[in-house]
Structures are given as C-alpha cells and as structure tokens.
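Read through the structure below, which is laid out as structure tokens, and then see the notes.
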Amino acid sequence: MRNRSQETETKFIKIQCPKCKNEQIMFGKASSKVACLICNKDLADPVGGKARVKARVLEVLD
Ligand SMILES: [Zn+2]
C-alpha cells in the first residue's frame with residue numbers, strides 16, 4: 001500500500017533543528033542517521049530505507 005503523505009521522503013528537504021534552530025538540507029531517503037551539524041542532535045533515523053525525520057520540516061526541495 002502506498003502512502004501519499006510519504007512522498008517527501010524521496011526528495012531533499014530543509015529541516016530545522018528543534019534544539020539550536022540550525023537549518024540544513026538532508027535527503028529525505030537518507031539511509032543513515034542524520035545529525036545536526038551544529039549541536040549534533042539526532043534529526044532523522046533511517047527506518048526501512050527511509051528517513052524518519054524528528055526535526056521540523058521547513059521546505060521540500062525538488
Ligand atoms: Zn542543532
């Protein structure tokens with residue numbers, strides 16, 4: 001079953017760290033853990049080949 005709300009996971013997304021407010025770009029389908037470049041907080045975990053984003057998504061980039 002497809003979940004249309006998951007489509008952002010195949011694109012680049014701009015996220016904001018909830019801790020230090022740093023903004024950075026990550027690939028929505030990241031296969032490894034994504035950490036904040038400033039404070040090193042975990043921002044996304046790989047789950048089943050996709051990234052589960054724990055940060056705030058500001059923008060989805062094409
Ligand atoms: Zn941070």
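Ligands are numbered from 1 in the order shown, chains are lettered A, B, ... in the order of the structure tokens, and residues start at 1 in each chain.
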
inquiry  = According to DSSP computed on the backbone, where in chain A is there strand (DSSP E or B)? Give the residues as a list in words.
reply    = Phe12, Ile13, Lys14, Ile15, Gln16, Glu23, Gln24, Ile25, Met26, Phe27, Val34, Ala35, Asp42, Leu43, Ala44, Asp45, Pro46, Val47, Lys50, Ala51, Arg52, Val53, Arg56, Val57, Leu58, Glu59, Val60 and Leu61 of chain A

inquiry  = as a ChimeraX atom specification, please: every residue in chain A that a backbone DSSP assignment puts in helix (DSSP H, G or I).
reply    = /A:4-10

inquiry  = Taking 4 positions as the minimum chain separation for residues in the same chain, which residues sit within 7 Å of range 50-52 of chain A when counting only C-alpha atoms? Answer as number ranges by chain.
reply    = A: 9, 28-31, 44-46

Could those residues be written to a file, using C-alpha atoms, as a PDB file, in the first residue's frame?
```
ATOM      1  CA  GLU A   9      10.935  11.116   1.618  1.00  0.00           C
ATOM      2  CA  GLY A  28      14.521  12.516   2.592  1.00  0.00           C
ATOM      3  CA  LYS A  29      15.526   8.955   1.849  1.00  0.00           C
ATOM      4  CA  ALA A  30      18.699   9.070   3.892  1.00  0.00           C
ATOM      5  CA  SER A  31      19.930   5.597   4.721  1.00  0.00           C
ATOM      6  CA  ALA A  44      16.458  11.724  11.461  1.00  0.00           C
ATOM      7  CA  ASP A  45      16.685   7.984  11.767  1.00  0.00           C
ATOM      8  CA  PRO A  46      16.680   5.525   8.883  1.00  0.00           C
TER       9      PRO A  46
END
```

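Using only C-alpha atoms and all ligand atoms, the shortest contact distance between ligand 1 and any of A:Cys17, A:Ala35, A:Val57, A:Met26 is found at A:Cys17.
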
When the cut-off is 9 Å and you count only C-alpha atoms and all ligand atoms, which residues lie near ligand 1, shown as a CSV table (one decimal) with N, CA and C atoms, in the first residue's frame?
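out33.csv, written as the output of this step:
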```csv
chain,number,residue,atom,x,y,z
A,16,GLN,N,14.8,22.0,10.3
A,16,GLN,CA,15.3,22.9,11.3
A,16,GLN,C,15.5,22.1,12.6
A,17,CYS,N,16.7,22.2,13.2
A,17,CYS,CA,16.9,21.6,14.4
A,17,CYS,C,16.1,22.2,15.5
A,18,PRO,N,15.4,21.3,16.3
A,18,PRO,CA,14.5,21.8,17.3
A,18,PRO,C,15.3,22.4,18.5
A,19,LYS,N,16.5,22.0,18.6
A,19,LYS,CA,17.4,22.4,19.7
A,19,LYS,C,18.1,23.7,19.5
A,20,CYS,N,18.8,23.9,18.4
A,20,CYS,CA,19.6,25.1,18.2
A,20,CYS,C,19.1,25.9,17.0
A,21,LYS,N,18.0,25.5,16.4
A,21,LYS,CA,17.4,26.2,15.3
A,21,LYS,C,18.2,26.3,14.0
A,22,ASN,N,19.3,25.5,13.9
A,22,ASN,CA,20.1,25.5,12.7
A,22,ASN,C,19.2,24.9,11.6
A,23,GLU,N,19.4,25.5,10.4
A,23,GLU,CA,18.7,24.9,9.2
A,23,GLU,C,19.7,24.2,8.4
A,35,ALA,N,22.4,13.9,11.7
A,35,ALA,CA,22.6,14.7,13.0
A,35,ALA,C,22.8,16.2,12.6
A,36,CYS,N,22.4,17.0,13.5
A,36,CYS,CA,22.6,18.4,13.4
A,36,CYS,C,24.1,18.8,13.2
A,37,LEU,N,24.4,19.6,12.3
A,37,LEU,CA,25.8,20.0,12.0
A,37,LEU,C,26.3,20.9,13.1
A,38,ILE,N,25.5,21.5,13.9
A,38,ILE,CA,25.9,22.4,14.9
A,38,ILE,C,25.9,21.8,16.3
A,39,CYS,N,24.8,21.2,16.7
A,39,CYS,CA,24.8,20.7,18.1
A,39,CYS,C,24.8,19.1,18.1
A,40,ASN,N,24.8,18.5,17.0
A,40,ASN,CA,24.9,17.1,16.9
A,40,ASN,C,23.7,16.3,17.4
A,41,LYS,N,22.6,17.0,17.5
A,41,LYS,CA,21.3,16.3,17.9
A,41,LYS,C,20.8,15.4,16.7
A,42,ASP,N,20.3,14.3,17.0
A,42,ASP,CA,19.7,13.4,16.0
A,42,ASP,C,18.5,14.0,15.4
A,43,LEU,N,18.5,14.2,14.1
A,43,LEU,CA,17.4,14.8,13.4
A,43,LEU,C,16.6,13.8,12.6
```
